[in-house]
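Structure data follow from my_file.txt (compact mmCIF, C-alpha atoms):
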```txt
# COMPACT_ATOMS: atom_id res chain seq x y z
CA LEU A 228 110.15 102.92 108.61
CA ASN A 229 113.65 102.32 109.87
CA CYS A 230 114.65 98.64 109.76
CA ARG A 231 117.99 97.56 111.11
CA SER A 232 117.28 93.87 111.51
CA VAL A 233 115.55 91.03 109.75
CA LEU A 234 112.05 90.16 110.87
CA MET A 235 111.71 86.42 111.22
CA GLN A 236 107.92 86.42 111.43
CA VAL A 237 105.30 88.72 110.04
CA ALA A 238 102.04 87.90 111.76
CA ALA A 239 99.46 88.81 109.15
CA LYS A 240 99.14 89.57 105.43
CA THR A 241 98.17 93.16 106.31
CA ASP A 242 101.54 93.52 108.05
CA ARG A 243 103.28 92.26 104.91
CA ASP A 244 101.24 94.71 102.83
CA ASP A 245 102.44 97.51 105.14
CA LEU A 246 106.05 96.49 104.48
CA ILE A 247 105.43 96.56 100.73
CA THR A 248 104.16 100.17 100.95
CA HIS A 249 107.61 101.02 102.37
CA ASN A 250 109.40 99.39 99.39
CA ILE A 251 110.21 96.20 101.33
CA ASN A 252 109.45 92.86 99.69
CA PRO A 253 108.73 90.35 102.47
CA ILE A 254 110.17 86.87 101.90
CA VAL A 255 107.86 84.29 103.43
CA ASP A 256 108.50 80.58 104.01
CA THR A 257 105.03 79.13 103.47
CA GLY A 258 106.05 75.65 104.52
CA ASN A 259 104.53 73.19 102.08
CA HIS A 260 104.46 75.73 99.25
CA GLY A 261 108.07 76.89 99.65
CA ILE A 262 109.50 80.38 99.82
CA GLN A 263 107.42 83.24 98.39
CA ILE A 264 108.44 86.84 97.77
CA ASP A 265 105.56 89.27 98.28
CA GLY A 266 105.62 92.57 96.44
CA ASN A 267 107.31 93.94 93.36
CA GLU A 268 109.06 96.98 94.79
CA THR A 269 112.56 98.41 94.41
CA LEU A 270 114.34 100.90 96.63
CA ASN A 271 113.75 103.62 94.03
CA GLY A 272 111.87 106.24 96.01
CA ALA A 273 110.97 108.42 93.01
CA TYR A 274 107.47 108.32 91.53
CA THR A 275 108.30 106.27 88.45
CA ASP A 276 107.57 102.90 86.93
CA LEU A 277 111.14 101.95 87.88
CA SER A 278 109.77 101.34 91.37
CA SER A 279 108.50 98.02 90.01
CA ALA A 280 111.17 95.33 90.17
CA HIS A 281 110.14 93.65 86.92
CA ILE A 282 110.45 96.93 85.00
CA ALA A 283 113.79 97.87 86.54
CA ARG A 284 115.13 94.37 85.86
CA THR A 285 113.92 94.36 82.23
CA LEU A 286 115.26 97.85 81.55
CA THR A 287 118.65 96.83 82.96
CA TYR A 288 118.59 93.74 80.72
CA ILE A 289 117.75 95.82 77.63
CA ARG A 290 120.47 98.32 78.44
CA TYR A 291 123.05 95.56 78.93
CA ARG A 292 122.17 93.76 75.68
CA VAL A 293 122.18 96.97 73.61
CA ASP A 294 125.42 98.20 75.23
CA THR A 295 127.11 94.88 74.46
CA TYR A 296 125.95 94.92 70.84
CA THR A 297 126.72 98.62 70.30
CA GLU A 298 130.31 98.10 71.49
CA THR A 299 130.86 95.68 68.58
CA LEU A 300 130.10 98.44 66.05
CA LYS A 301 132.78 100.96 67.00
CA PHE A 302 135.06 99.93 64.12
CA GLU A 303 132.32 100.02 61.48
CA LEU A 304 131.82 102.82 58.97
CA ASN A 305 129.33 105.46 60.08
CA ASP A 306 126.90 105.06 57.22
CA VAL A 307 123.35 104.05 56.37
CA TYR A 308 124.31 100.37 56.54
CA LEU A 309 125.53 100.73 60.16
CA TRP A 310 122.37 102.60 61.15
CA ARG A 311 120.10 100.03 59.52
CA THR A 312 122.07 97.12 61.05
CA TRP A 313 121.83 98.62 64.56
CA ASN A 314 118.12 99.40 64.19
CA GLU A 315 117.31 95.89 62.92
CA TYR A 316 119.42 94.05 65.52
CA VAL A 317 118.06 96.02 68.48
CA SER A 318 114.49 95.73 67.20
CA ASN A 319 114.49 92.11 66.07
CA LYS A 320 116.98 90.40 68.40
CA ILE A 321 116.44 92.31 71.65
CA LEU A 322 113.12 94.15 71.85
CA THR A 323 110.75 92.06 69.72
CA PRO A 324 111.27 88.90 71.84
CA ILE A 325 110.57 90.91 75.01
CA LYS A 326 107.42 92.35 73.44
CA ALA A 327 106.32 88.89 72.26
CA GLY A 328 106.73 87.65 75.83
CA GLY A 329 104.46 90.42 77.13
CA GLY A 330 107.17 92.60 78.66
CA LEU A 331 106.78 95.59 76.34
CA GLN A 332 103.67 97.35 75.11
CA TRP A 333 105.50 99.40 72.50
CA PHE A 334 109.01 100.38 71.33
CA ARG A 335 110.76 102.52 68.72
CA VAL A 336 114.40 102.34 67.65
CA SER A 337 116.17 105.14 65.76
CA MET A 338 119.74 105.69 64.59
CA GLY A 339 120.94 107.91 61.80
CA ARG A 340 120.26 111.38 60.46
CA ASP A 341 117.14 111.77 62.60
CA THR A 342 119.13 111.23 65.84
CA THR A 343 122.55 112.62 64.87
CA THR A 344 123.54 116.10 63.73
CA ALA A 345 125.55 116.68 60.54
CA GLU A 346 128.45 117.92 62.70
CA GLU A 347 128.45 114.68 64.72
CA ILE A 348 128.41 112.60 61.53
CA ALA A 349 131.39 114.62 60.26
CA GLN A 350 133.17 113.77 63.52
CA ARG A 351 132.28 110.08 62.96
CA ILE A 352 129.85 109.98 65.88
CA VAL A 353 126.40 108.46 65.55
CA ARG A 354 123.60 108.51 68.10
CA GLY A 355 120.87 105.96 68.61
CA VAL A 356 117.67 106.32 70.61
CA ILE A 357 115.45 103.58 71.99
CA GLU A 358 112.00 104.35 73.34
CA VAL A 359 110.23 101.64 75.31
CA GLN A 360 106.90 101.42 77.07
CA PHE A 361 106.40 98.47 79.38
CA SER A 362 103.14 96.52 79.46
CA GLN A 363 100.49 97.95 81.78
CA ASP A 364 102.50 101.15 82.35
CA ALA A 365 102.17 104.60 80.86
CA GLU A 366 105.72 105.88 81.26
CA VAL A 367 107.98 105.85 78.16
CA PHE A 368 111.69 105.37 78.84
CA LEU A 369 114.34 106.82 76.51
CA LEU A 370 117.73 105.13 76.18
CA ASP A 371 120.45 107.05 74.33
CA TYR A 372 123.43 105.38 72.65
CA VAL A 373 126.51 106.84 71.01
CA VAL A 374 128.86 105.01 68.65
CA TYR A 375 132.20 106.82 68.42
CA SER A 376 134.65 106.19 65.65
CA SER A 377 137.63 103.97 66.42
CA ALA A 378 139.92 107.00 65.92
CA GLU A 379 138.43 108.50 69.09
CA ASP A 380 139.79 105.61 71.15
CA ASN A 381 143.27 105.94 69.69
CA ALA A 382 143.52 109.71 70.15
CA ASN A 383 144.74 109.31 73.75
CA PHE A 384 147.66 106.96 72.96
```

Could I get this file's structure written as structure tokens?
Amino acid sequence: LNCRSVLMQVAAKTDRDDLITHNINPIVDTGNHGIQIDGNETLNGAYTDLSSAHIARTLTYIRYRVDTYTETLKFELNDVYLWRTWNEYVSNKILTPIKAGGGLQWFRVSMGRDTTTAEEIAQRIVRGVIEVQFSQDAEVFLLDYVVYSSAEDNANF
């Protein structure tokens, strides 16, 4: 399907369904019931759960929230306290509310010796891993995070 213009009218629901199979979400003005968006598709052509808009949107939200929080830890000591703090914040403040709202089926958060090598710890680098499975989907997504020591940022000055 090669669309170069906006369709102002889609005659039948079957025509709208055909658009959805081509990753196009028809926007319909139903009159008395307002504007309705049919479909839940993204432009991701790969065979993945990321083709669903609600999953792509939620994963982007998770990534943003964890990135923002992780950035605040770059001046902290790379120790068990940092690992526990990151694990608890990401689990309790970010992922648990999403799961409670029905957005996640399952998640696991790890940071510390099980995600970081001894050499990386010696270099003051720590890695975190988040695994999430969205409700009603089988695919598990892995998000990797790295907290570098503050000395890394100053090495280029």

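For the pair CA of Tyr375 (chain A) and CA of Ile289 (chain A), the interatomic distance is 20.4 Å.
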
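CA of Ile282 (chain A) lies 29.8 Å from CA of Asn259 (chain A).
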
### Query
What's the 9 Å shell around region 330-339 of chain A, counting all atoms listed in the file, without same-chain residues fewer than 6 positions away, as number ranges by chain?
A: 281-282, 285, 305-307, 309-311, 313-315, 317-318, 322-324, 348, 353-364, 367, 372

Given the selection you just returned, output its residues as a file containing C-alpha atoms, formatted as a PDB file, keeping the file's coordinate frame.
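To be explicit, this is the file written out as result-v4.pdb:
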```pdb
ATOM      1  CA  HIS A 281     110.140  93.650  86.920  1.00  0.00           C
ATOM      2  CA  ILE A 282     110.450  96.930  85.000  1.00  0.00           C
ATOM      3  CA  THR A 285     113.920  94.360  82.230  1.00  0.00           C
ATOM      4  CA  ASN A 305     129.330 105.460  60.080  1.00  0.00           C
ATOM      5  CA  ASP A 306     126.900 105.060  57.220  1.00  0.00           C
ATOM      6  CA  VAL A 307     123.350 104.050  56.370  1.00  0.00           C
ATOM      7  CA  LEU A 309     125.530 100.730  60.160  1.00  0.00           C
ATOM      8  CA  TRP A 310     122.370 102.600  61.150  1.00  0.00           C
ATOM      9  CA  ARG A 311     120.100 100.030  59.520  1.00  0.00           C
ATOM     10  CA  TRP A 313     121.830  98.620  64.560  1.00  0.00           C
ATOM     11  CA  ASN A 314     118.120  99.400  64.190  1.00  0.00           C
ATOM     12  CA  GLU A 315     117.310  95.890  62.920  1.00  0.00           C
ATOM     13  CA  VAL A 317     118.060  96.020  68.480  1.00  0.00           C
ATOM     14  CA  SER A 318     114.490  95.730  67.200  1.00  0.00           C
ATOM     15  CA  LEU A 322     113.120  94.150  71.850  1.00  0.00           C
ATOM     16  CA  THR A 323     110.750  92.060  69.720  1.00  0.00           C
ATOM     17  CA  PRO A 324     111.270  88.900  71.840  1.00  0.00           C
ATOM     18  CA  ILE A 348     128.410 112.600  61.530  1.00  0.00           C
ATOM     19  CA  VAL A 353     126.400 108.460  65.550  1.00  0.00           C
ATOM     20  CA  ARG A 354     123.600 108.510  68.100  1.00  0.00           C
ATOM     21  CA  GLY A 355     120.870 105.960  68.610  1.00  0.00           C
ATOM     22  CA  VAL A 356     117.670 106.320  70.610  1.00  0.00           C
ATOM     23  CA  ILE A 357     115.450 103.580  71.990  1.00  0.00           C
ATOM     24  CA  GLU A 358     112.000 104.350  73.340  1.00  0.00           C
ATOM     25  CA  VAL A 359     110.230 101.640  75.310  1.00  0.00           C
ATOM     26  CA  GLN A 360     106.900 101.420  77.070  1.00  0.00           C
ATOM     27  CA  PHE A 361     106.400  98.470  79.380  1.00  0.00           C
ATOM     28  CA  SER A 362     103.140  96.520  79.460  1.00  0.00           C
ATOM     29  CA  GLN A 363     100.490  97.950  81.780  1.00  0.00           C
ATOM     30  CA  ASP A 364     102.500 101.150  82.350  1.00  0.00           C
ATOM     31  CA  VAL A 367     107.980 105.850  78.160  1.00  0.00           C
ATOM     32  CA  TYR A 372     123.430 105.380  72.650  1.00  0.00           C
TER      33      TYR A 372
END
```

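Take CA of Thr287 (chain A) and CA of Asp341 (chain A): the distance between them is 25.3 Å.
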
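For the choices A:Tyr296, A:Phe302, A:Tyr308, A:Phe368, the atom-to-atom distance to Ala283 (chain A) is smallest for A:Phe368 when using all atoms listed in the file.
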
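Counting all atoms listed in the file and comparing A:Ile352, A:Tyr288, A:Ala327, A:Ile321, the residue that lies closest to Val374 (chain A) is A:Ile352.
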